[in-house]
>>> print(open('target-v1.cif').read())   # mmCIF, C-alpha atoms
data_model
#
loop_
_atom_site.group_PDB
_atom_site.id
_atom_site.type_symbol
_atom_site.label_atom_id
_atom_site.label_comp_id
_atom_site.auth_asym_id
_atom_site.auth_seq_id
_atom_site.Cartn_x
_atom_site.Cartn_y
_atom_site.Cartn_z
ATOM 1 C CA MET A 1 9.004 -22.445 0.000
ATOM 2 C CA SER A 2 8.911 -19.733 2.714
ATOM 3 C CA ASP A 3 7.473 -16.292 1.985
ATOM 4 C CA LYS A 4 10.979 -14.837 2.262
ATOM 5 C CA GLU A 5 12.276 -17.227 -0.418
ATOM 6 C CA LEU A 6 9.180 -16.619 -2.511
ATOM 7 C CA GLN A 7 9.758 -12.857 -2.390
ATOM 8 C CA LYS A 8 13.338 -13.379 -3.597
ATOM 9 C CA GLU A 9 11.849 -15.330 -6.509
ATOM 10 C CA ALA A 10 9.440 -12.472 -7.171
ATOM 11 C CA MET A 11 12.295 -9.949 -7.332
ATOM 12 C CA ARG A 12 14.214 -12.244 -9.678
ATOM 13 C CA VAL A 13 11.240 -12.516 -12.038
ATOM 14 C CA LEU A 14 10.694 -8.755 -11.780
ATOM 15 C CA LYS A 15 14.302 -8.053 -12.750
ATOM 16 C CA GLU A 16 14.046 -10.471 -15.696
ATOM 17 C CA THR A 17 10.741 -8.937 -16.781
ATOM 18 C CA SER A 18 11.560 -5.240 -16.506
ATOM 19 C CA ARG A 19 14.802 -3.621 -15.413
ATOM 20 C CA THR A 20 13.146 -0.235 -16.002
ATOM 21 C CA PHE A 21 10.782 -0.750 -13.069
ATOM 22 C CA TYR A 22 12.996 -3.062 -11.021
ATOM 23 C CA ILE A 23 15.374 -0.223 -10.165
ATOM 24 C CA PRO A 24 12.807 2.317 -8.861
ATOM 25 C CA ILE A 25 10.951 -0.415 -6.947
ATOM 26 C CA THR A 26 14.157 -1.111 -5.000
ATOM 27 C CA PHE A 27 14.044 2.523 -3.775
ATOM 28 C CA LEU A 28 10.861 1.813 -1.788
ATOM 29 C CA GLN A 29 10.754 0.723 1.834
ATOM 30 C CA LYS A 30 10.109 -2.933 2.647
ATOM 31 C CA GLU A 31 6.311 -3.290 2.850
ATOM 32 C CA LEU A 32 5.621 -0.878 0.006
ATOM 33 C CA LYS A 33 8.381 -2.449 -2.101
ATOM 34 C CA THR A 34 6.735 -5.857 -1.664
ATOM 35 C CA ALA A 35 3.300 -4.490 -2.563
ATOM 36 C CA VAL A 36 4.449 -2.603 -5.667
ATOM 37 C CA ALA A 37 6.748 -5.395 -6.905
ATOM 38 C CA ASN A 38 4.005 -7.984 -6.766
ATOM 39 C CA ALA A 39 1.414 -5.581 -8.164
ATOM 40 C CA TYR A 40 3.718 -5.055 -11.142
ATOM 41 C CA LEU A 41 4.121 -8.812 -11.621
ATOM 42 C CA MET A 42 0.346 -9.316 -11.451
ATOM 43 C CA MET A 43 -0.229 -6.693 -14.119
ATOM 44 C CA ARG A 44 2.547 -8.139 -16.276
ATOM 45 C CA ALA A 45 0.808 -11.502 -15.973
ATOM 46 C CA ILE A 46 -2.349 -9.948 -17.405
ATOM 47 C CA ASP A 47 -0.409 -8.033 -20.045
ATOM 48 C CA GLU A 48 1.263 -11.213 -21.298
ATOM 49 C CA ILE A 49 -2.123 -12.742 -22.080
ATOM 50 C CA GLU A 50 -3.261 -9.591 -23.910
ATOM 51 C CA ASP A 51 0.042 -9.163 -25.752
ATOM 52 C CA ASN A 52 0.545 -12.813 -26.786
ATOM 53 C CA GLU A 53 1.000 -13.107 -30.545
ATOM 54 C CA HIS A 54 0.333 -16.832 -30.984
ATOM 55 C CA PRO A 55 -2.041 -17.315 -33.966
ATOM 56 C CA GLU A 56 -4.504 -19.367 -31.907
ATOM 57 C CA LEU A 57 -4.965 -16.527 -29.442
ATOM 58 C CA THR A 58 -7.530 -14.433 -31.258
ATOM 59 C CA GLY A 59 -9.018 -11.292 -29.776
ATOM 60 C CA GLU A 60 -12.154 -13.238 -28.906
ATOM 61 C CA VAL A 61 -10.144 -15.903 -27.043
ATOM 62 C CA LYS A 62 -8.110 -13.296 -25.156
ATOM 63 C CA ASN A 63 -11.268 -11.408 -24.211
ATOM 64 C CA ALA A 64 -12.930 -14.554 -22.863
ATOM 65 C CA ILE A 65 -9.890 -15.520 -20.774
ATOM 66 C CA LEU A 66 -9.196 -12.028 -19.463
ATOM 67 C CA THR A 67 -12.851 -11.501 -18.549
ATOM 68 C CA GLU A 68 -12.855 -14.723 -16.524
ATOM 69 C CA VAL A 69 -9.588 -13.804 -14.821
ATOM 70 C CA SER A 70 -11.028 -10.378 -14.045
ATOM 71 C CA GLU A 71 -13.998 -11.986 -12.289
ATOM 72 C CA LEU A 72 -11.719 -14.379 -10.420
ATOM 73 C CA LEU A 73 -9.688 -11.465 -9.058
ATOM 74 C CA LYS A 74 -12.847 -9.971 -7.566
ATOM 75 C CA GLU A 75 -13.236 -12.951 -5.234
ATOM 76 C CA GLU A 76 -11.929 -12.561 -1.683
ATOM 77 C CA GLN A 77 -9.795 -15.702 -1.946
ATOM 78 C CA PHE A 78 -7.977 -16.257 -5.238
ATOM 79 C CA ASN A 79 -8.762 -19.748 -6.550
ATOM 80 C CA GLU A 80 -5.522 -20.987 -8.129
ATOM 81 C CA GLN A 81 -7.089 -24.214 -9.401
ATOM 82 C CA LYS A 82 -9.817 -22.285 -11.187
ATOM 83 C CA TYR A 83 -7.208 -19.918 -12.619
ATOM 84 C CA PHE A 84 -5.329 -22.797 -14.218
ATOM 85 C CA GLU A 85 -8.585 -24.125 -15.626
ATOM 86 C CA ILE A 86 -9.186 -20.709 -17.243
ATOM 87 C CA ILE A 87 -5.721 -20.419 -18.792
ATOM 88 C CA LYS A 88 -5.383 -24.115 -19.683
ATOM 89 C CA PRO A 89 -6.067 -23.575 -23.429
ATOM 90 C CA ILE A 90 -3.126 -21.159 -23.642
ATOM 91 C CA GLN A 91 -0.908 -22.403 -20.795
ATOM 92 C CA GLU A 92 1.860 -23.685 -23.071
ATOM 93 C CA TYR A 93 2.280 -20.190 -24.553
ATOM 94 C CA LEU A 94 2.675 -18.436 -21.208
ATOM 95 C CA SER A 95 5.788 -17.638 -19.196
ATOM 96 C CA GLU A 96 6.583 -17.821 -15.501
ATOM 97 C CA VAL A 97 5.239 -14.365 -14.681
ATOM 98 C CA THR A 98 1.707 -15.367 -15.764
ATOM 99 C CA LEU A 99 1.775 -18.962 -14.562
ATOM 100 C CA ARG A 100 2.716 -17.808 -11.050
ATOM 101 C CA LEU A 101 -0.025 -15.205 -10.625
ATOM 102 C CA ALA A 102 -1.221 -16.920 -7.415
ATOM 103 C CA ASP A 103 2.262 -16.509 -5.873
ATOM 104 C CA TRP A 104 2.305 -12.767 -6.520
ATOM 105 C CA ILE A 105 -1.155 -12.399 -4.967
ATOM 106 C CA HIS A 106 -0.086 -14.464 -1.945
ATOM 107 C CA LEU A 107 2.842 -12.112 -1.297
ATOM 108 C CA LEU A 108 0.769 -8.913 -1.179
ATOM 109 C CA PRO A 109 1.056 -7.338 2.294
ATOM 110 C CA LYS A 110 -2.099 -7.240 4.377
ATOM 111 C CA GLY A 111 -4.133 -4.169 3.514
ATOM 112 C CA SER A 112 -2.812 -3.872 -0.035
ATOM 113 C CA GLU A 113 -4.592 -6.937 -1.483
ATOM 114 C CA LYS A 114 -7.911 -5.233 -2.206
ATOM 115 C CA ILE A 115 -6.245 -2.246 -3.887
ATOM 116 C CA VAL A 116 -4.017 -4.341 -6.149
ATOM 117 C CA LYS A 117 -6.508 -7.082 -6.993
ATOM 118 C CA SER A 118 -9.211 -4.531 -7.820
ATOM 119 C CA ALA A 119 -6.896 -2.594 -10.148
ATOM 120 C CA THR A 120 -5.633 -5.779 -11.831
ATOM 121 C CA SER A 121 -9.204 -7.001 -12.280
ATOM 122 C CA GLU A 122 -10.190 -3.719 -13.944
ATOM 123 C CA MET A 123 -7.111 -3.873 -16.166
ATOM 124 C CA ALA A 124 -7.900 -7.457 -17.238
ATOM 125 C CA GLU A 125 -11.448 -6.507 -18.167
ATOM 126 C CA GLY A 126 -10.297 -3.446 -20.105
ATOM 127 C CA MET A 127 -7.497 -5.276 -21.917
ATOM 128 C CA GLY A 128 -9.917 -8.033 -22.855
ATOM 129 C CA LYS A 129 -12.256 -5.479 -24.385
ATOM 130 C CA TRP A 130 -9.448 -3.903 -26.407
ATOM 131 C CA ALA A 131 -8.086 -7.267 -27.543
ATOM 132 C CA LYS A 132 -11.558 -8.140 -28.842
ATOM 133 C CA SER A 133 -11.683 -4.894 -30.851
ATOM 134 C CA ASP A 134 -8.196 -5.547 -32.308
ATOM 135 C CA PHE A 135 -6.962 -2.371 -30.619
ATOM 136 C CA LYS A 136 -8.715 -0.083 -33.070
ATOM 137 C CA VAL A 137 -8.064 3.442 -31.854
ATOM 138 C CA ARG A 138 -10.100 5.855 -33.981
ATOM 139 C CA THR A 139 -10.623 8.895 -31.751
ATOM 140 C CA LYS A 140 -8.944 10.762 -28.914
ATOM 141 C CA GLU A 141 -11.585 9.239 -26.616
ATOM 142 C CA ASP A 142 -10.466 5.768 -27.729
ATOM 143 C CA LEU A 143 -6.855 6.677 -26.991
ATOM 144 C CA ASP A 144 -7.851 8.070 -23.595
ATOM 145 C CA GLU A 145 -9.679 4.859 -22.747
ATOM 146 C CA TYR A 146 -6.957 2.503 -23.962
ATOM 147 C CA THR A 147 -4.160 4.368 -22.170
ATOM 148 C CA TYR A 148 -6.262 4.521 -19.004
ATOM 149 C CA TYR A 149 -6.622 0.731 -18.878
ATOM 150 C CA VAL A 150 -2.984 -0.052 -19.610
ATOM 151 C CA ALA A 151 -1.279 2.756 -17.685
ATOM 152 C CA GLY A 152 -3.478 5.433 -16.112
ATOM 153 C CA LEU A 153 -5.001 2.726 -13.953
ATOM 154 C CA VAL A 154 -1.503 1.862 -12.711
ATOM 155 C CA GLY A 155 -1.062 5.477 -11.621
ATOM 156 C CA VAL A 156 -4.326 5.330 -9.666
ATOM 157 C CA MET A 157 -3.354 2.049 -7.997
ATOM 158 C CA LEU A 158 0.058 3.409 -6.995
ATOM 159 C CA SER A 159 -1.575 6.494 -5.489
ATOM 160 C CA GLU A 160 -3.871 4.295 -3.428
ATOM 161 C CA LEU A 161 -0.836 2.328 -2.240
ATOM 162 C CA TRP A 162 1.003 5.559 -1.303
ATOM 163 C CA GLU A 163 -1.968 6.601 0.836
ATOM 164 C CA TRP A 164 -2.392 3.124 2.353
ATOM 165 C CA ASN A 165 1.240 2.780 3.386
ATOM 166 C CA ALA A 166 2.514 6.307 3.914
ATOM 167 C CA GLY A 167 -0.510 8.605 4.134
ATOM 168 C CA VAL A 168 0.564 10.363 0.925
ATOM 169 C CA LYS A 169 -2.480 11.809 -0.864
ATOM 170 C CA THR A 170 -2.389 12.678 -4.560
ATOM 171 C CA ASP A 171 -4.801 13.891 -7.234
ATOM 172 C CA ARG A 172 -6.495 11.049 -9.164
ATOM 173 C CA GLU A 173 -6.530 12.817 -12.545
ATOM 174 C CA LEU A 174 -2.866 13.721 -12.215
ATOM 175 C CA ALA A 175 -2.108 10.097 -11.292
ATOM 176 C CA ILE A 176 -3.830 8.994 -14.502
ATOM 177 C CA GLY A 177 -1.784 11.579 -16.415
ATOM 178 C CA TYR A 178 1.397 10.199 -14.863
ATOM 179 C CA GLY A 179 0.682 6.674 -16.095
ATOM 180 C CA ARG A 180 -0.727 7.842 -19.408
ATOM 181 C CA GLY A 181 2.292 10.043 -20.114
ATOM 182 C CA LEU A 182 4.719 7.139 -19.649
ATOM 183 C CA GLN A 183 2.567 4.952 -21.896
ATOM 184 C CA LEU A 184 2.442 7.576 -24.659
ATOM 185 C CA VAL A 185 6.223 7.675 -24.776
ATOM 186 C CA ASN A 186 6.192 3.877 -25.226
ATOM 187 C CA ILE A 187 3.586 4.183 -27.993
ATOM 188 C CA LEU A 188 5.693 6.786 -29.802
ATOM 189 C CA ARG A 189 8.858 4.721 -29.389
ATOM 190 C CA ASN A 190 7.207 1.536 -30.692
ATOM 191 C CA GLN A 191 4.872 3.101 -33.268
ATOM 192 C CA GLU A 192 6.479 1.619 -36.381
ATOM 193 C CA GLU A 193 7.183 -1.758 -34.768
ATOM 194 C CA ASP A 194 3.580 -2.115 -33.504
ATOM 195 C CA TYR A 195 2.245 -1.469 -36.974
ATOM 196 C CA ARG A 196 4.817 -3.608 -38.790
ATOM 197 C CA GLU A 197 4.685 -6.635 -36.490
ATOM 198 C CA ARG A 198 1.157 -6.507 -35.081
ATOM 199 C CA GLY A 199 -0.752 -4.397 -37.593
ATOM 200 C CA VAL A 200 -1.767 -2.146 -34.688
ATOM 201 C CA SER A 201 -1.854 1.641 -34.587
ATOM 202 C CA PHE A 202 -2.663 3.621 -31.456
ATOM 203 C CA VAL A 203 -2.862 6.879 -33.422
ATOM 204 C CA PRO A 204 -6.374 8.353 -33.758
ATOM 205 C CA GLU A 205 -7.642 8.921 -37.313
ATOM 206 C CA GLY A 206 -6.415 12.220 -38.733
ATOM 207 C CA TRP A 207 -3.655 12.609 -36.150
ATOM 208 C CA THR A 208 -0.037 13.207 -37.096
ATOM 209 C CA ARG A 209 2.976 12.115 -35.090
ATOM 210 C CA ASP A 210 3.212 15.719 -33.871
ATOM 211 C CA ASP A 211 -0.313 15.412 -32.421
ATOM 212 C CA LEU A 212 0.838 12.326 -30.541
ATOM 213 C CA PHE A 213 3.876 14.226 -29.247
ATOM 214 C CA GLN A 214 1.585 16.995 -27.986
ATOM 215 C CA TYR A 215 -0.719 14.480 -26.275
ATOM 216 C CA ALA A 216 2.306 12.910 -24.571
ATOM 217 C CA GLU A 217 3.605 16.308 -23.451
ATOM 218 C CA GLU A 218 0.208 17.305 -22.005
ATOM 219 C CA ASN A 219 0.133 14.154 -19.893
ATOM 220 C CA LEU A 220 3.758 14.454 -18.806
ATOM 221 C CA GLU A 221 2.902 17.984 -17.601
ATOM 222 C CA LYS A 222 0.213 16.377 -15.417
ATOM 223 C CA ALA A 223 2.836 13.896 -14.240
ATOM 224 C CA ASP A 224 5.117 16.767 -13.221
ATOM 225 C CA LEU A 225 2.253 18.296 -11.214
ATOM 226 C CA TYR A 226 1.495 14.894 -9.664
ATOM 227 C CA MET A 227 5.000 14.839 -8.205
ATOM 228 C CA LYS A 228 4.390 18.047 -6.227
ATOM 229 C CA ASP A 229 1.993 16.233 -3.874
ATOM 230 C CA ILE A 230 4.597 13.616 -2.933
ATOM 231 C CA HIS A 231 6.802 14.545 -0.001
ATOM 232 C CA LYS A 232 8.072 11.127 1.106
ATOM 233 C CA ARG A 233 11.563 10.731 -0.356
ATOM 234 C CA THR A 234 11.466 7.015 -1.190
ATOM 235 C CA ILE A 235 8.158 7.349 -3.065
ATOM 236 C CA LEU A 236 9.423 10.486 -4.785
ATOM 237 C CA LEU A 237 12.544 8.629 -5.950
ATOM 238 C CA PHE A 238 10.374 5.792 -7.264
ATOM 239 C CA CYS A 239 8.197 8.167 -9.290
ATOM 240 C CA ARG A 240 10.992 10.435 -10.516
ATOM 241 C CA LEU A 241 13.054 7.830 -12.364
ATOM 242 C CA PRO A 242 10.426 6.562 -14.875
ATOM 243 C CA LEU A 243 9.274 10.166 -15.384
ATOM 244 C CA ALA A 244 12.806 11.445 -16.006
ATOM 245 C CA LEU A 245 13.414 8.615 -18.477
ATOM 246 C CA ALA A 246 10.099 9.402 -20.210
ATOM 247 C CA HIS A 247 10.973 13.111 -20.588
ATOM 248 C CA LYS A 248 14.427 12.307 -21.953
ATOM 249 C CA THR A 249 13.133 9.585 -24.284
ATOM 250 C CA LEU A 250 10.498 11.967 -25.661
ATOM 251 C CA LYS A 251 13.198 14.573 -26.289
ATOM 252 C CA SER A 252 15.307 11.953 -28.109
ATOM 253 C CA LEU A 253 12.336 10.877 -30.238
ATOM 254 C CA LYS A 254 11.580 14.487 -31.198
ATOM 255 C CA GLU A 255 15.214 14.824 -32.274
ATOM 256 C CA GLY A 256 14.780 11.792 -34.515
ATOM 257 C CA LYS A 257 16.637 9.278 -32.368
ATOM 258 C CA GLU A 258 15.101 5.848 -31.778
ATOM 259 C CA LYS A 259 15.758 5.742 -28.037
ATOM 260 C CA MET A 260 18.104 6.813 -25.273
ATOM 261 C CA SER A 261 21.512 5.175 -25.125
ATOM 262 C CA ARG A 262 22.332 2.815 -22.261
ATOM 263 C CA ALA A 263 24.864 5.357 -21.016
ATOM 264 C CA GLU A 264 22.153 8.052 -20.892
ATOM 265 C CA VAL A 265 19.844 5.721 -18.965
ATOM 266 C CA GLU A 266 22.575 4.853 -16.461
ATOM 267 C CA LYS A 267 23.441 8.548 -16.032
ATOM 268 C CA THR A 268 19.765 9.342 -15.346
ATOM 269 C CA VAL A 269 19.537 6.601 -12.712
ATOM 270 C CA GLU A 270 22.659 7.980 -11.023
ATOM 271 C CA GLU A 271 21.327 11.542 -11.114
ATOM 272 C CA ILE A 272 18.017 10.520 -9.524
ATOM 273 C CA GLN A 273 19.726 8.594 -6.730
ATOM 274 C CA THR A 274 22.212 11.344 -5.859
ATOM 275 C CA ASP A 275 19.931 14.395 -6.239
#
>>> encode(input="target-v1.cif", output="structure tokens")
Amino acid sequence: MSDKELQKEAMRVLKETSRTFYIPITFLQKELKTAVANAYLMMRAIDEIEDNEHPELTGEVKNAILTEVSELLKEEQFNEQKYFEIIKPIQEYLSEVTLRLADWIHLLPKGSEKIVKSATSEMAEGMGKWAKSDFKVRTKEDLDEYTYYVAGLVGVMLSELWEWNAGVKTDRELAIGYGRGLQLVNILRNQEEDYRERGVSFVPEGWTRDDLFQYAEENLEKADLYMKDIHKRTILLFCRLPLALAHKTLKSLKEGKEKMSRAEVEKTVEEIQTD
């Protein structure tokens, strides 16, 4: 399969995996779109291992696998054969996005590989650690650490890609706030479901839901400030859509609604594109 055909496959898998991020990724110019699309698929591959609910996949097992994958991603050349040896015990429980990790790495444009592989390696190590601890968030520091590994780190990686491709420089702490703010909205939206289905709570001991709302708002304020450093329109469009959806979803949640309606989402997408 040619790289052009492989990239079409990558965009198909991306669309099937997350329409929320598929749309803003299409706003980016060619080389950056390829880098960000495949970076997202790589991180989804890692996330699927961490998030897998099969009874055989204990926290210890996930930690062992993710730690090995993390080390593998640090190598200059990704060893696909070794990767399949690592995931072999759980291969039957994994989907295309994880099984094709080597394809997503192969498609990374020259110059972006180190940035994306390094971030994905750090994420794998962090997710492995949290899987081993059964995601026990007891303090604000725990919440800070967890949300850094699963989302703040994505903000940092994106900022490094903006600078690599377009010379756009942003503040690292604000980039972390951008990712963390989006993640907090997801945590609030899925709070009951996470506890009911997984027995997991990302709420520090002694915190109320209002405390979680405040934490989300503080980080979304950082996200708003992060946007002020971005002057390239295509990157700005990419960043604005998830942030606009996060702000509106948070407002809906505070009003007692479960989520935004499809019509509201579609209206937001249209507003971002025509603004």
>>> residues_around(input="target-v1.cif", residues="stretch 5-10 of chain A", least_positions_apart="6", cutoff="10 Å", atoms="only C-alpha atoms", output="PyMOL selection string")
chain A and resi 16+34+37-38+41+97+100+103-104+106-108
>>> atom_distance(input="target-v1.cif", atom1="atom CA of A:Leu94", atom2="atom CA of A:Lys129")
20.0 Å
>>> closest_residue(input="target-v1.cif", among="A:Ala39, A:Leu101, A:Ala64, A:Ala246", to="A:Asn79", atoms="all atoms listed in the file")
A:Leu101
>>> atom_distance(input="target-v1.cif", atom1="atom CA of A:Gln214", atom2="atom CA of A:His247")
12.6 Å
>>> resolve_selection(input="target-v1.cif", expression="the PyMOL selection byres ((chain A and resi 190-192) around 12)", output="PyMOL selection string")
chain A and resi 183-189+193-203+208-209+212-213+249+253+258-259
>>> closest_residue(input="target-v1.cif", among="A:Thr234, A:Asn63, A:Ser112, A:Ser252", to="A:Phe135", atoms="only C-alpha atoms")
A:Asn63
>>> atom_distance(input="target-v1.cif", atom1="atom CA of A:Gly181", atom2="atom CA of A:Asp224")
10.0 Å
>>> resolve_selection(input="target-v1.cif", expression="the PyMOL selection byres ((chain A and resi 86) around 12)", output="PyMOL selection string")
chain A and resi 49+61-72+79-85+87-91+99
>>> closest_residue(input="target-v1.cif", among="A:Met1, A:Val137, A:Gly59, A:Lys30", to="A:Trp207", atoms="all atoms listed in the file")
A:Val137
>>> residues_around(input="target-v1.cif", residues="stretch 140-152 of chain A", least_positions_apart="2", cutoff="9 Å", atoms="only C-alpha atoms", output="PyMOL selection string")
chain A and resi 47+122-127+130+135-138+154-157+173+175-184+202-205
>>> closest_residue(input="target-v1.cif", among="A:Gln29, A:Lys267, A:Leu237, A:Arg172", to="A:Leu225", atoms="all atoms listed in the file")
A:Arg172
>>> closest_residue(input="target-v1.cif", among="A:Ala35, A:Ile46, A:Ala131, A:Leu158", to="A:Ile105", atoms="only C-alpha atoms")
A:Ala35
>>> closest_residue(input="target-v1.cif", among="A:Lys74, A:Arg19, A:Lys4, A:Lys132", to="A:Glu113", atoms="only C-alpha atoms")
A:Lys74
>>> residues_around(input="target-v1.cif", residues="A:Leu174", least_positions_apart="6", cutoff="8 Å", atoms="all atoms listed in the file", output="MDAnalysis selection string")
chainID A and resid 222:223 225:226
>>> decode(input="target-v1.cif", residues="stretch 152-214 of chain A", atoms="C-alpha atoms", output="CSV table (one decimal), in the first residue's frame")
chain,number,residue,atom,x,y,z
A,152,GLY,CA,-2.2,18.3,29.2
A,153,LEU,CA,0.6,16.3,27.5
A,154,VAL,CA,-1.4,16.5,24.3
A,155,GLY,CA,-1.5,20.2,24.6
A,156,VAL,CA,2.3,20.3,25.0
A,157,MET,CA,2.8,18.0,22.0
A,158,LEU,CA,0.5,20.1,19.8
A,159,SER,CA,2.4,23.3,20.8
A,160,GLU,CA,5.7,21.7,19.8
A,161,LEU,CA,4.1,20.7,16.4
A,162,TRP,CA,2.8,24.3,15.9
A,163,GLU,CA,6.4,25.6,16.4
A,164,TRP,CA,8.0,22.9,14.3
A,165,ASN,CA,5.7,23.4,11.3
A,166,ALA,CA,4.6,27.0,11.5
A,167,GLY,CA,6.9,28.8,13.9
A,168,VAL,CA,4.0,29.5,16.3
A,169,LYS,CA,5.3,29.7,19.9
A,170,THR,CA,3.0,29.2,22.8
A,171,ASP,CA,3.2,29.1,26.6
A,172,ARG,CA,3.7,25.5,28.0
A,173,GLU,CA,1.6,25.9,31.1
A,174,LEU,CA,-1.2,27.4,29.1
A,175,ALA,CA,-0.9,24.5,26.6
A,176,ILE,CA,-1.3,22.1,29.6
A,177,GLY,CA,-4.3,24.1,30.7
A,178,TYR,CA,-5.8,23.8,27.3
A,179,GLY,CA,-5.6,20.0,27.3
A,180,ARG,CA,-6.5,19.7,30.9
A,181,GLY,CA,-9.6,21.9,30.5
A,182,LEU,CA,-11.0,19.7,27.7
A,183,GLN,CA,-10.4,16.6,29.8
A,184,LEU,CA,-12.1,18.0,32.9
A,185,VAL,CA,-15.3,18.6,30.8
A,186,ASN,CA,-15.1,14.9,29.8
A,187,ILE,CA,-14.6,13.9,33.4
A,188,LEU,CA,-17.7,15.9,34.5
A,189,ARG,CA,-19.8,14.6,31.6
A,190,ASN,CA,-18.9,11.0,32.3
A,191,GLN,CA,-18.6,11.2,36.1
A,192,GLU,CA,-21.6,8.9,36.9
A,193,GLU,CA,-20.9,6.5,34.1
A,194,ASP,CA,-17.2,6.1,35.1
A,195,TYR,CA,-18.2,5.3,38.6
A,196,ARG,CA,-21.1,3.0,37.7
A,197,GLU,CA,-19.4,1.0,35.0
A,198,ARG,CA,-15.7,1.1,36.0
A,199,GLY,CA,-15.9,1.9,39.7
A,200,VAL,CA,-13.6,4.9,39.0
A,201,SER,CA,-13.8,8.4,40.4
A,202,PHE,CA,-11.6,11.2,39.3
A,203,VAL,CA,-12.9,13.5,42.1
A,204,PRO,CA,-10.4,14.3,44.9
A,205,GLU,CA,-11.5,13.4,48.4
A,206,GLY,CA,-13.7,16.1,49.9
A,207,TRP,CA,-14.4,17.7,46.6
A,208,THR,CA,-17.9,18.5,45.5
A,209,ARG,CA,-19.1,18.6,41.9
A,210,ASP,CA,-18.9,22.4,42.2
A,211,ASP,CA,-15.2,22.1,43.0
A,212,LEU,CA,-14.7,20.1,39.8
A,213,PHE,CA,-16.6,22.7,37.8
A,214,GLN,CA,-14.3,25.4,39.3
